[in-house]
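Asks: Pasting entry-v7.tsv below, which is TSV, C-alpha atoms.
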```tsv
chain	number	residue	atom	x	y	z
A	1	MET	CA	-49.56	-0.04	64.54
A	2	ASN	CA	-52.92	-1.69	64.17
A	3	VAL	CA	-54.47	-3.40	67.15
A	4	ASP	CA	-54.08	-6.88	65.75
A	5	ASP	CA	-50.37	-6.54	65.18
A	6	LYS	CA	-49.83	-5.01	68.61
A	7	GLU	CA	-51.69	-7.85	70.19
A	8	LEU	CA	-49.75	-10.42	68.21
A	9	LEU	CA	-46.45	-8.85	69.26
A	10	HIS	CA	-47.53	-8.85	72.87
A	11	GLN	CA	-48.46	-12.53	72.62
A	12	PHE	CA	-45.19	-13.34	70.89
A	13	LYS	CA	-43.27	-11.99	73.86
A	14	ASP	CA	-45.14	-14.41	76.13
A	15	PRO	CA	-43.32	-17.80	75.98
A	16	VAL	CA	-46.61	-19.68	76.35
A	17	GLN	CA	-48.24	-17.92	73.41
A	18	LYS	CA	-45.15	-17.32	71.31
A	19	GLU	CA	-45.67	-20.12	68.82
A	20	LYS	CA	-49.35	-19.42	68.37
A	21	ALA	CA	-48.71	-15.70	67.79
A	22	PHE	CA	-45.95	-16.45	65.34
A	23	THR	CA	-48.17	-18.83	63.36
A	24	ALA	CA	-50.83	-16.12	63.22
A	25	ILE	CA	-48.29	-13.61	61.88
A	26	ILE	CA	-47.18	-16.03	59.16
A	27	LYS	CA	-50.74	-16.73	58.09
A	28	LYS	CA	-51.57	-13.02	58.03
A	29	TYR	CA	-48.66	-11.94	55.84
A	30	GLN	CA	-47.48	-15.03	53.97
A	31	GLU	CA	-49.27	-14.44	50.68
A	32	ARG	CA	-48.39	-10.78	50.34
A	33	LEU	CA	-44.78	-11.45	51.17
A	34	TYR	CA	-44.64	-14.54	48.96
A	35	TRP	CA	-45.84	-12.66	45.86
A	36	HIS	CA	-43.56	-9.77	46.58
A	37	ILE	CA	-40.64	-12.22	46.63
A	38	ARG	CA	-41.91	-14.34	43.72
A	39	ARG	CA	-42.13	-11.37	41.36
A	40	MET	CA	-38.48	-10.66	42.11
A	41	VAL	CA	-37.08	-14.18	41.73
A	42	VAL	CA	-39.72	-15.77	39.43
A	43	GLU	CA	-39.29	-19.42	40.46
A	44	HIS	CA	-41.53	-20.90	43.15
A	45	GLU	CA	-38.73	-22.97	44.77
A	46	ASP	CA	-36.53	-19.92	45.13
A	47	ALA	CA	-39.41	-17.83	46.49
A	48	ASN	CA	-40.21	-20.62	49.00
A	49	ASP	CA	-36.61	-20.76	50.24
A	50	ILE	CA	-36.43	-17.01	50.62
A	51	LEU	CA	-39.79	-16.79	52.38
A	52	GLN	CA	-38.91	-19.48	54.90
A	53	ASN	CA	-35.50	-17.98	55.56
A	54	MET	CA	-37.18	-14.67	56.07
A	55	PHE	CA	-39.60	-15.94	58.69
A	56	ILE	CA	-36.84	-17.77	60.55
A	57	LYS	CA	-35.08	-14.41	60.79
A	58	VAL	CA	-38.33	-12.86	62.05
A	59	TRP	CA	-38.63	-15.55	64.77
A	60	ASN	CA	-35.06	-14.79	65.93
A	61	SER	CA	-35.42	-11.01	66.00
A	62	LEU	CA	-39.12	-10.20	66.55
A	63	GLY	CA	-38.53	-10.00	70.29
A	64	ASN	CA	-36.26	-6.98	69.67
A	65	PHE	CA	-38.65	-5.25	67.31
A	66	ARG	CA	-38.87	-1.63	68.49
A	67	GLU	CA	-42.39	-1.01	67.13
A	68	ASP	CA	-41.35	2.36	65.67
A	69	SER	CA	-42.84	1.23	62.37
A	70	GLN	CA	-45.68	-1.00	61.26
A	71	LEU	CA	-45.04	-4.71	61.57
A	72	TYR	CA	-45.71	-5.35	57.90
A	73	THR	CA	-43.28	-2.53	56.94
A	74	TRP	CA	-40.61	-4.34	58.91
A	75	LEU	CA	-41.56	-7.69	57.34
A	76	TYR	CA	-41.52	-6.23	53.84
A	77	ARG	CA	-38.08	-4.78	54.47
A	78	ILE	CA	-36.70	-8.18	55.48
A	79	ALA	CA	-38.36	-9.86	52.49
A	80	THR	CA	-36.96	-7.25	50.08
A	81	ASN	CA	-33.43	-7.55	51.47
A	82	GLU	CA	-33.56	-11.33	51.32
A	83	SER	CA	-34.71	-11.23	47.69
A	84	LEU	CA	-31.99	-8.79	46.68
A	85	THR	CA	-29.38	-10.87	48.52
A	86	PHE	CA	-30.55	-13.96	46.67
A	87	LEU	CA	-30.30	-12.25	43.28
A	88	GLU	CA	-26.85	-10.92	44.10
A	89	GLN	CA	-25.63	-14.37	45.13
A	90	GLN	CA	-27.14	-15.86	42.00
A	91	LYS	CA	-25.27	-13.33	39.90
A	92	ARG	CA	-21.95	-14.05	41.62
A	93	ARG	CA	-22.33	-17.77	41.53
A	94	SER	CA	-23.15	-17.82	37.86
A	95	ALA	CA	-20.11	-15.61	37.17
A	96	VAL	CA	-22.09	-13.99	34.42
A	97	SER	CA	-22.96	-10.44	33.54
A	98	LEU	CA	-26.07	-8.65	34.73
A	99	SER	CA	-27.67	-8.94	31.29
A	100	ASP	CA	-27.23	-12.69	31.45
A	101	VAL	CA	-29.02	-12.75	34.81
A	102	GLU	CA	-31.90	-10.82	33.24
A	103	SER	CA	-32.14	-13.28	30.36
A	104	ASN	CA	-31.96	-16.12	32.88
A	105	LEU	CA	-35.02	-14.76	34.71
A	106	SER	CA	-36.79	-14.16	31.40
A	107	ASN	CA	-36.16	-17.78	30.45
A	108	LYS	CA	-37.65	-18.90	33.75
A	109	ILE	CA	-40.77	-16.87	32.99
A	110	LYS	CA	-41.04	-18.44	29.55
A	111	ALA	CA	-40.55	-21.88	31.09
A	112	ASP	CA	-43.65	-21.46	33.24
A	113	GLU	CA	-46.31	-23.97	32.19
A	114	ASN	CA	-48.89	-21.22	31.90
A	115	PHE	CA	-46.73	-18.83	29.95
A	116	ASP	CA	-48.48	-17.16	27.03
A	117	ALA	CA	-46.39	-14.72	25.01
A	118	ASN	CA	-49.46	-13.06	23.54
A	119	LYS	CA	-50.91	-12.08	26.84
A	120	LEU	CA	-50.07	-8.64	28.15
A	121	GLU	CA	-49.72	-9.88	31.72
A	122	TRP	CA	-46.87	-12.17	30.69
A	123	LYS	CA	-45.25	-9.45	28.61
A	124	LEU	CA	-45.40	-7.24	31.66
A	125	GLN	CA	-43.51	-9.88	33.66
A	126	LEU	CA	-40.86	-10.11	30.93
A	127	ALA	CA	-40.58	-6.33	30.87
A	128	MET	CA	-40.14	-6.20	34.64
A	129	GLN	CA	-37.08	-8.44	34.47
A	130	LYS	CA	-35.39	-5.76	32.36
A	131	LEU	CA	-35.61	-3.27	35.19
A	132	PRO	CA	-32.78	-2.73	37.68
A	133	GLU	CA	-33.50	-4.73	40.82
A	134	LYS	CA	-34.35	-1.85	43.13
A	135	GLN	CA	-36.54	-0.23	40.50
A	136	ARG	CA	-38.32	-3.54	40.11
A	137	VAL	CA	-39.00	-3.56	43.87
A	138	VAL	CA	-40.49	-0.05	43.68
A	139	PHE	CA	-42.71	-1.00	40.76
A	140	ASN	CA	-43.88	-4.19	42.47
A	141	LEU	CA	-44.77	-2.44	45.71
A	142	ARG	CA	-46.67	0.33	43.96
A	143	TYR	CA	-48.25	-1.50	41.05
A	144	TYR	CA	-49.16	-4.82	42.72
A	145	ASP	CA	-49.31	-4.00	46.44
A	146	GLU	CA	-50.62	-0.46	45.94
A	147	MET	CA	-48.34	0.71	48.67
A	148	PRO	CA	-48.26	4.46	49.50
A	149	TYR	CA	-44.95	6.20	48.89
A	150	GLU	CA	-44.74	7.08	52.56
A	151	GLU	CA	-44.67	3.43	53.59
A	152	MET	CA	-42.44	2.49	50.68
A	153	SER	CA	-39.99	5.15	51.84
A	154	ARG	CA	-39.77	3.46	55.27
A	155	ILE	CA	-39.26	0.01	53.74
A	156	LEU	CA	-36.61	1.05	51.23
A	157	ASP	CA	-35.10	3.92	53.21
A	158	THR	CA	-35.39	6.20	50.18
A	159	SER	CA	-37.07	9.59	49.78
A	160	GLU	CA	-40.61	9.75	48.46
A	161	GLY	CA	-39.50	11.95	45.57
A	162	ALA	CA	-36.91	9.44	44.43
A	163	LEU	CA	-39.47	6.66	44.67
A	164	LYS	CA	-41.98	8.59	42.58
A	165	ALA	CA	-39.37	9.23	39.91
A	166	SER	CA	-38.30	5.60	39.97
A	167	TYR	CA	-41.86	4.35	39.63
A	168	HIS	CA	-42.52	6.76	36.78
A	169	HIS	CA	-39.43	5.60	34.86
A	170	ALA	CA	-40.22	1.94	35.53
A	171	ALA	CA	-43.76	2.27	34.20
A	172	LYS	CA	-42.56	4.03	31.06
A	173	LYS	CA	-39.88	1.42	30.39
A	174	ILE	CA	-42.39	-1.39	30.79
A	175	GLU	CA	-44.86	0.33	28.51
A	176	ASP	CA	-42.18	0.80	25.83
A	177	PHE	CA	-41.21	-2.86	26.08
A	178	ILE	CA	-44.80	-4.06	25.72
A	179	LEU	CA	-45.45	-1.80	22.75
A	180	ASN	CA	-42.29	-2.92	20.95
A	181	HIS	CA	-42.49	-6.67	21.59
B	182	MET	CA	-52.43	8.59	53.26
B	183	GLU	CA	-52.91	7.69	49.67
B	184	ASN	CA	-55.87	5.64	48.69
B	185	LYS	CA	-56.35	3.12	45.98
B	186	ILE	CA	-58.13	5.52	43.66
B	187	SER	CA	-55.29	8.00	43.64
B	188	ILE	CA	-52.80	5.21	42.95
B	189	GLU	CA	-54.87	4.04	39.98
B	190	GLN	CA	-55.20	7.58	38.73
B	191	GLU	CA	-51.47	8.09	38.97
B	192	LEU	CA	-50.88	4.96	36.87
B	193	ARG	CA	-53.40	6.10	34.26
B	194	GLU	CA	-51.50	9.36	33.93
B	195	ILE	CA	-48.15	7.63	33.54
B	196	SER	CA	-49.25	4.73	31.39
B	197	PRO	CA	-52.86	4.05	30.36
B	198	LEU	CA	-51.69	0.71	28.96
B	199	LEU	CA	-50.43	-0.55	32.31
B	200	ALA	CA	-53.55	0.71	34.04
B	201	GLN	CA	-55.52	-1.35	31.56
B	202	ILE	CA	-53.50	-4.56	32.09
B	203	GLY	CA	-54.18	-4.65	35.80
B	204	SER	CA	-52.30	-6.45	38.53
B	205	LYS	CA	-53.52	-9.97	38.04
B	206	ASN	CA	-51.09	-12.68	39.12
B	207	VAL	CA	-49.77	-14.80	36.30
B	208	PHE	CA	-47.66	-17.23	38.31
B	209	SER	CA	-49.14	-20.41	39.73
B	210	VAL	CA	-48.57	-21.76	43.22
B	211	PRO	CA	-48.67	-25.41	44.29
B	212	PRO	CA	-51.95	-26.31	45.94
B	213	VAL	CA	-52.13	-26.06	49.74
B	214	PHE	CA	-48.75	-24.32	49.74
B	215	PHE	CA	-49.94	-21.54	52.00
B	216	ASP	CA	-51.88	-23.94	54.22
B	217	ASP	CA	-48.73	-25.87	55.08
B	218	LEU	CA	-46.23	-23.02	55.09
B	219	SER	CA	-46.52	-21.90	58.72
B	220	SER	CA	-46.17	-25.45	60.11
B	221	ALA	CA	-43.15	-26.07	57.86
B	222	ILE	CA	-41.46	-22.96	59.21
B	223	ILE	CA	-42.28	-23.78	62.84
B	224	ASP	CA	-40.88	-27.32	62.38
B	225	LYS	CA	-37.64	-25.87	61.07
B	226	ILE	CA	-37.37	-23.56	64.04
B	227	LYS	CA	-38.11	-26.36	66.50
B	228	THR	CA	-35.49	-28.66	64.99
B	229	GLY	CA	-32.96	-25.84	65.27
B	230	GLN	CA	-32.46	-25.57	61.56
B	231	GLU	CA	-30.64	-22.42	60.70
B	232	GLU	CA	-31.46	-20.38	57.64
B	233	THR	CA	-30.52	-22.32	54.54
B	234	PHE	CA	-27.96	-20.96	52.17
B	235	TYR	CA	-29.51	-20.23	48.80
B	236	PHE	CA	-26.68	-21.87	46.93
B	237	SER	CA	-24.91	-25.02	48.01
B	238	ARG	CA	-21.25	-24.67	48.92
B	239	GLU	CA	-20.56	-28.08	47.53
B	240	ASN	CA	-17.79	-28.20	45.00
B	241	LEU	CA	-19.14	-28.61	41.52
B	242	TYR	CA	-15.85	-29.39	39.84
B	243	GLU	CA	-14.35	-32.85	39.55
B	244	VAL	CA	-10.73	-33.72	40.04
B	245	PRO	CA	-9.05	-36.78	38.43
B	246	GLN	CA	-8.58	-39.77	40.70
B	247	ASN	CA	-5.36	-39.76	42.80
B	248	TYR	CA	-4.59	-36.28	41.50
B	249	PHE	CA	-3.46	-34.79	44.79
B	250	ALA	CA	-1.56	-37.94	45.80
B	251	ALA	CA	0.54	-37.91	42.65
B	252	LEU	CA	0.95	-34.13	42.41
B	253	PRO	CA	4.09	-33.66	44.59
B	254	ASP	CA	6.09	-36.30	42.67
B	255	LEU	CA	4.96	-34.89	39.35
B	256	ILE	CA	6.09	-31.38	40.23
B	257	LEU	CA	9.44	-32.65	41.55
B	258	GLN	CA	10.08	-34.61	38.37
B	259	LYS	CA	9.45	-31.58	36.21
B	260	ALA	CA	11.60	-29.37	38.38
B	261	LEU	CA	14.56	-31.77	38.24
B	262	ALA	CA	14.20	-32.16	34.48
B	263	GLY	CA	14.42	-28.38	34.13
B	264	GLU	CA	10.88	-28.14	32.97
B	265	VAL	CA	9.74	-25.59	35.43
B	266	VAL	CA	6.99	-23.83	33.66
B	267	GLU	CA	6.56	-20.19	34.28
B	268	ASP	CA	3.63	-19.43	32.22
B	269	GLU	CA	3.05	-15.75	32.68
B	270	VAL	CA	0.08	-15.83	30.40
B	271	PHE	CA	-1.54	-18.58	32.43
B	272	GLU	CA	-0.93	-16.79	35.70
B	273	GLU	CA	-2.23	-13.54	34.31
B	274	MET	CA	-5.47	-15.16	33.16
B	275	GLU	CA	-5.77	-16.92	36.50
B	276	VAL	CA	-6.15	-13.50	38.08
B	277	ILE	CA	-8.50	-12.08	35.44
B	278	SER	CA	-10.73	-15.08	34.87
B	279	PRO	CA	-10.05	-18.56	36.23
B	280	LEU	CA	-12.99	-19.73	34.15
B	281	LEU	CA	-11.21	-18.94	30.89
B	282	ASN	CA	-8.12	-20.76	32.12
B	283	SER	CA	-10.13	-23.92	32.53
B	284	ILE	CA	-11.20	-23.86	28.89
B	285	SER	CA	-9.05	-25.93	26.53
B	286	LYS	CA	-7.03	-23.98	23.97
B	287	LYS	CA	-7.44	-26.72	21.39
B	288	PRO	CA	-8.48	-25.10	18.12
B	289	VAL	CA	-12.09	-25.63	17.23
B	290	PHE	CA	-11.76	-24.84	13.55
B	291	THR	CA	-10.85	-27.57	11.07
B	292	VAL	CA	-8.32	-27.31	8.27
B	293	PRO	CA	-8.57	-29.21	4.96
B	294	GLU	CA	-6.34	-32.27	4.87
B	295	GLY	CA	-2.82	-31.64	3.51
B	296	PHE	CA	-3.37	-27.90	3.53
B	297	PHE	CA	-0.04	-26.95	5.05
B	298	GLU	CA	1.91	-29.30	2.77
B	299	LYS	CA	0.48	-27.62	-0.29
B	300	VAL	CA	1.11	-24.10	0.85
B	301	THR	CA	3.81	-22.37	-1.27
B	302	LEU	CA	5.38	-19.04	-0.65
B	303	PRO	CA	4.70	-16.46	-3.36
B	304	GLU	CA	7.70	-15.43	-5.53
B	305	THR	CA	8.93	-11.92	-5.22
B	306	ASN	CA	11.26	-9.74	-7.38
B	307	VAL	CA	12.69	-8.02	-4.44
B	308	LYS	CA	16.42	-8.65	-4.07
B	309	PRO	CA	17.53	-9.46	-0.66
B	310	ALA	CA	19.13	-6.47	0.90
B	311	GLY	CA	22.91	-6.77	1.21
B	312	ALA	CA	24.61	-6.61	4.49
B	313	VAL	CA	25.70	-3.13	5.46
B	314	VAL	CA	29.48	-2.93	5.67
B	315	VAL	CA	31.00	-0.25	7.78
B	316	PRO	CA	34.53	0.50	6.38
B	317	PHE	CA	37.29	0.31	8.90
B	318	THR	CA	38.95	3.46	7.47
B	319	ARG	CA	36.00	5.53	8.39
B	320	LYS	CA	36.48	4.51	11.97
B	321	LYS	CA	40.18	5.40	11.79
B	322	PHE	CA	39.35	8.84	10.39
B	323	PHE	CA	37.03	9.53	13.28
B	324	ALA	CA	39.68	8.47	15.74
B	325	TYR	CA	42.19	10.88	14.23
B	326	ALA	CA	39.67	13.64	14.10
B	327	VAL	CA	38.89	13.21	17.76
B	328	ALA	CA	42.58	13.21	18.64
B	329	ALA	CA	43.10	16.40	16.64
B	330	VAL	CA	40.25	18.13	18.37
B	331	VAL	CA	41.55	17.17	21.79
B	332	THR	CA	45.05	18.35	20.89
B	333	ALA	CA	43.71	21.66	19.61
B	334	ILE	CA	41.75	22.18	22.78
B	335	LEU	CA	44.84	21.52	24.88
B	336	ALA	CA	46.99	23.83	22.75
B	337	ILE	CA	44.50	26.66	22.87
B	338	GLY	CA	44.21	26.26	26.58
B	339	LEU	CA	47.97	26.30	27.02
B	340	PHE	CA	48.30	29.29	24.76
B	341	LEU	CA	45.70	31.17	26.60
B	342	ILE	CA	47.30	30.47	29.95
B	343	THR	CA	50.97	31.19	29.02
B	344	GLY	CA	50.43	33.75	26.19
B	345	ARG	CA	48.56	36.08	28.43
B	346	ASP	CA	51.56	36.29	30.84
B	347	PHE	CA	54.17	36.89	28.05
B	348	ASN	CA	52.14	39.65	26.61
B	349	ASN	CA	51.81	41.10	30.02
B	350	ASP	CA	55.60	41.20	30.39
B	351	GLN	CA	55.95	42.79	26.98
B	352	ASN	CA	53.42	45.34	27.88
B	353	ILE	CA	55.14	46.13	31.15
B	354	THR	CA	58.65	46.54	29.46
B	355	SER	CA	57.41	48.80	26.69
B	356	SER	CA	55.46	51.02	29.04
B	357	THR	CA	58.47	51.36	31.42
B	358	ARG	CA	60.76	52.39	28.58
B	359	ALA	CA	58.30	55.01	27.51
B	360	GLU	CA	58.16	56.43	31.00
B	361	ILE	CA	61.98	56.50	31.33
B	362	GLU	CA	62.37	58.34	28.05
B	363	LYS	CA	60.10	61.04	29.32
B	364	LEU	CA	62.41	61.69	32.33
B	365	SER	CA	65.01	64.48	32.20
B	366	GLU	CA	68.74	64.01	33.02
B	367	ASP	CA	68.35	65.93	36.25
B	368	GLU	CA	65.65	63.62	37.43
B	369	ILE	CA	67.75	60.62	36.59
B	370	VAL	CA	70.76	62.09	38.47
B	371	THR	CA	68.64	62.91	41.47
B	372	TYR	CA	67.27	59.39	41.50
B	373	LEU	CA	70.73	57.91	41.24
B	374	LYS	CA	72.03	60.14	44.04
B	375	LEU	CA	69.26	59.01	46.32
B	376	ASN	CA	69.36	55.38	45.39
B	377	SER	CA	72.92	54.70	44.28
B	378	PRO	CA	75.37	53.28	46.84
B	379	ALA	CA	78.13	55.68	45.66
B	380	ASP	CA	78.09	59.34	46.60
B	381	ASP	CA	80.55	60.30	43.95
B	382	VAL	CA	78.74	61.40	40.91
B	383	THR	CA	81.82	60.80	38.89
B	384	LEU	CA	81.06	57.09	39.08
B	385	ILE	CA	78.02	57.66	37.00
B	386	HIS	CA	78.73	56.41	33.61
B	387	TYR	CA	78.59	59.10	31.02
B	388	ASN	CA	77.83	57.98	27.59
B	389	GLY	CA	78.61	61.20	26.02
B	390	LYS	CA	81.58	61.66	23.57
B	391	GLU	CA	85.01	62.95	24.77
B	392	THR	CA	85.00	65.81	22.33
B	393	ASP	CA	81.83	67.13	23.91
B	394	ILE	CA	83.57	67.34	27.29
B	395	LYS	CA	86.46	69.31	25.80
B	396	LYS	CA	84.10	71.72	24.20
B	397	ALA	CA	82.30	72.16	27.48
B	398	VAL	CA	85.56	72.87	29.36
B	399	ASP	CA	86.78	75.30	26.64
B	400	ALA	CA	83.53	77.16	26.95
B	401	MET	CA	84.12	77.74	30.72
B	402	SER	CA	85.74	81.03	31.83
B	403	ASP	CA	88.84	81.24	33.99
B	404	LYS	CA	86.77	82.47	36.88
B	405	GLU	CA	84.41	79.42	36.66
B	406	ILE	CA	87.31	77.03	36.57
B	407	GLN	CA	88.87	78.80	39.64
B	408	GLN	CA	85.60	78.50	41.48
B	409	TYR	CA	85.25	74.86	40.62
B	410	LEU	CA	88.75	74.06	41.80
B	411	GLN	CA	88.13	75.83	45.09
B	412	GLU	CA	84.96	73.89	45.70
B	413	MET	CA	86.23	70.50	44.73
B	414	GLU	CA	89.22	68.57	45.98
B	415	ASP	CA	91.97	67.74	43.58
B	416	PRO	CA	90.25	65.46	41.21
B	417	GLY	CA	93.43	64.61	39.47
B	418	GLU	CA	94.03	65.27	35.81
B	419	ILE	CA	91.07	66.12	33.63
```
Go ahead and render the structure in this file as structure tokens.
Replies:
Amino acid sequence: MNVDDKELLHQFKDPVQKEKAFTAIIKKYQERLYWHIRRMVVEHEDANDILQNMFIKVWNSLGNFREDSQLYTWLYRIATNESLTFLEQQKRRSAVSLSDVESNLSNKIKADENFDANKLEWKLQLAMQKLPEKQRVVFNLRYYDEMPYEEMSRILDTSEGALKASYHHAAKKIEDFILNH
Amino acid sequence: MENKISIEQELREISPLLAQIGSKNVFSVPPVFFDDLSSAIIDKIKTGQEETFYFSRENLYEVPQNYFAALPDLILQKALAGEVVEDEVFEEMEVISPLLNSISKKPVFTVPEGFFEKVTLPETNVKPAGAVVVPFTRKKFFAYAVAAVVTAILAIGLFLITGRDFNNDQNITSSTRAEIEKLSEDEIVTYLKLNSPADDVTLIHYNGKETDIKKAVDAMSDKEIQQYLQEMEDPGEI
């Protein structure tokens, strides 16, 4: 664990410095975690809800953090689980099929005020919504966050080999989608 | 530990197109969102707000006014009027998909006015099939046939049971006669001596003719007759 994170955890355990340390942790990781969540759920309001819920969970359980992994690995894991939980609840509540959830997310992308169907970056976002949720997570972490497989394996509790295969398939699917649309 | 260069190289190998697109963010974020985020979260924690549920548990469906108040009487009325509805189809769909059950079954397609009044059945040359009549006599015949079969079975059974015994008796009588005919007169006399209550052989009935006896006596010599008389007591007249 890097020195900053260790120091922050130490301060968090001190009741006097707890709030200050927690604020510092939020400011350090908020953007990375926000974009990780946003790419999964697309809408800002949903990403905001998930991010805030996530940090409330961190406040309640950071005192028990065993420090056997990096702090941001632990934070990413919580953010990923919260995002997947949200998508699952959305699916159940809508009482629709998985393909309808995909088209729902695609519609949200298209509804963005800056959406431009001709731009490859937007096509990439549309292509990502076609991926299975966990594969989408793998692609996000590798493609956008440039996360090593070793760290990804700790976050997702999956072997590095499986993650490499998943990333490979995801990239190929996205490429096919972009070339055909 | 992998570095950025190796990650980029990996992507170029998998998909040069994606490597070209890059990882620029396309989504926009409200201004000062990140500036205010930490204080918003801390305020929530301080006010004891628990994590918010992503989807409200509020009921989205409306119910007609006074529905629940009037429901018991409505059900009772229907039950008393014998209108208890057991709609198996409704209940089945309730299990599969309550959503479909909530959709009205009113037809959505329209039909031209007066369509059903104008519909005529096409004429056919097919004669209506006559009713199939089963003659009563046929039934009677079957009844007699069954009775005959049962009688035959009983007769055969009886014959087999009793006939076997009669034949046995016949067989025994004929075989005994054959055996007796094989026996000599001496054997018969010996048997009778041993088994007959009378010792006197003269009681044995002789079926031979009287003339044969006279010839037998005439054939005897005087000496044989003398000997006989000495051995036997006076038998009386011959």
Asks: Residues within 12 Å of (-36.6, -1.7, 44.1), file coordinates, counting only C-alpha atoms: what are they? Give the list as a ChimeraX atom specification.
Replies: /A:36-37,39-40,76-77,79-81,83-84,128-129,131-142,152-153,155-158,162-164,166-167,170
Asks: Out of B:Leu339, B:Ile369, B:Ala359, B:Ala221, which residue has the shortest atom-to-atom distance to chain A when counting all atoms listed in the file?
Replies: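 The answer is B:Ala221, which sits nearest to chain A.
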Asks: Could you please select, counting all atoms listed in the file, the residues of chain A within 8 Å of chain B and state them as a PDB file with C-alpha atoms, keeping the file's coordinate frame?
Replies:
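Listed below is the output, out_34.pdb:
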```
ATOM      1  CA  GLU A  19     -45.670 -20.120  68.820  1.00  0.00           C
ATOM      2  CA  THR A  23     -48.170 -18.830  63.360  1.00  0.00           C
ATOM      3  CA  ILE A  26     -47.180 -16.030  59.160  1.00  0.00           C
ATOM      4  CA  LYS A  27     -50.740 -16.730  58.090  1.00  0.00           C
ATOM      5  CA  GLN A  30     -47.480 -15.030  53.970  1.00  0.00           C
ATOM      6  CA  GLU A  31     -49.270 -14.440  50.680  1.00  0.00           C
ATOM      7  CA  HIS A  44     -41.530 -20.900  43.150  1.00  0.00           C
ATOM      8  CA  ASP A  46     -36.530 -19.920  45.130  1.00  0.00           C
ATOM      9  CA  ASP A  49     -36.610 -20.760  50.240  1.00  0.00           C
ATOM     10  CA  ILE A  50     -36.430 -17.010  50.620  1.00  0.00           C
ATOM     11  CA  GLN A  52     -38.910 -19.480  54.900  1.00  0.00           C
ATOM     12  CA  ASN A  53     -35.500 -17.980  55.560  1.00  0.00           C
ATOM     13  CA  PHE A  55     -39.600 -15.940  58.690  1.00  0.00           C
ATOM     14  CA  ILE A  56     -36.840 -17.770  60.550  1.00  0.00           C
ATOM     15  CA  LYS A  57     -35.080 -14.410  60.790  1.00  0.00           C
ATOM     16  CA  PHE A  86     -30.550 -13.960  46.670  1.00  0.00           C
ATOM     17  CA  GLN A  89     -25.630 -14.370  45.130  1.00  0.00           C
ATOM     18  CA  GLN A  90     -27.140 -15.860  42.000  1.00  0.00           C
ATOM     19  CA  ASP A 112     -43.650 -21.460  33.240  1.00  0.00           C
ATOM     20  CA  ASN A 114     -48.890 -21.220  31.900  1.00  0.00           C
ATOM     21  CA  LEU A 120     -50.070  -8.640  28.150  1.00  0.00           C
ATOM     22  CA  GLU A 121     -49.720  -9.880  31.720  1.00  0.00           C
ATOM     23  CA  TRP A 122     -46.870 -12.170  30.690  1.00  0.00           C
ATOM     24  CA  ARG A 142     -46.670   0.330  43.960  1.00  0.00           C
ATOM     25  CA  TYR A 143     -48.250  -1.500  41.050  1.00  0.00           C
ATOM     26  CA  TYR A 144     -49.160  -4.820  42.720  1.00  0.00           C
ATOM     27  CA  GLU A 146     -50.620  -0.460  45.940  1.00  0.00           C
ATOM     28  CA  PRO A 148     -48.260   4.460  49.500  1.00  0.00           C
ATOM     29  CA  GLU A 150     -44.740   7.080  52.560  1.00  0.00           C
ATOM     30  CA  HIS A 168     -42.520   6.760  36.780  1.00  0.00           C
ATOM     31  CA  ALA A 171     -43.760   2.270  34.200  1.00  0.00           C
ATOM     32  CA  LYS A 172     -42.560   4.030  31.060  1.00  0.00           C
ATOM     33  CA  GLU A 175     -44.860   0.330  28.510  1.00  0.00           C
TER      34      GLU A 175
END
```
Asks: The centre and edge lengths of an axis-aligned box containing all atoms of range 143-153 of chain A present in the file, extended by 8 Å on each side, are to be given in Å to one decimal, as JSON.
Replies:
```
{"center_x": -45.3, "center_y": 1.1, "center_z": 47.3, "size_x": 26.6, "size_y": 27.9, "size_z": 28.5}
```
Asks: Just give me the gap between CA of Met147 in chain A and CA of Thr73 in chain A in Å, one decimal is fine.
Replies: 10.2 Å
Asks: Please list, as a ChimeraX atom specification, the residues that have an atom at most 12 Å away from (-40.6, -8.3, 19.7) in the coordinates of this file, counting all atoms listed in the file.
Replies: /A:117-118,123,126-127,176-181
Asks: Between CA of Val41 in chain A and CA of Ile109 in chain A, measure the distance and give it in Å to one decimal.
Replies: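 Computed distance, CA of Val41 in chain A to CA of Ile109 in chain A, equals 9.9 Å.
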Asks: Please measure the separation of CA of Leu75 in chain A and CA of Gly161 in chain A, giving the value in Å to one decimal.
Replies: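 Atom-to-atom, CA of Leu75 in chain A and CA of Gly161 in chain A are spaced 23.0 Å apart.
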Asks: For a quick check of understanding, using all atoms listed in the file, which of A:Ser61, A:Met54, A:Glu43, A:Lys130 has the smallest distance to Lys110 in chain A?
Replies: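 That would be A:Glu43, the residue with the smallest distance to Lys110 in chain A.
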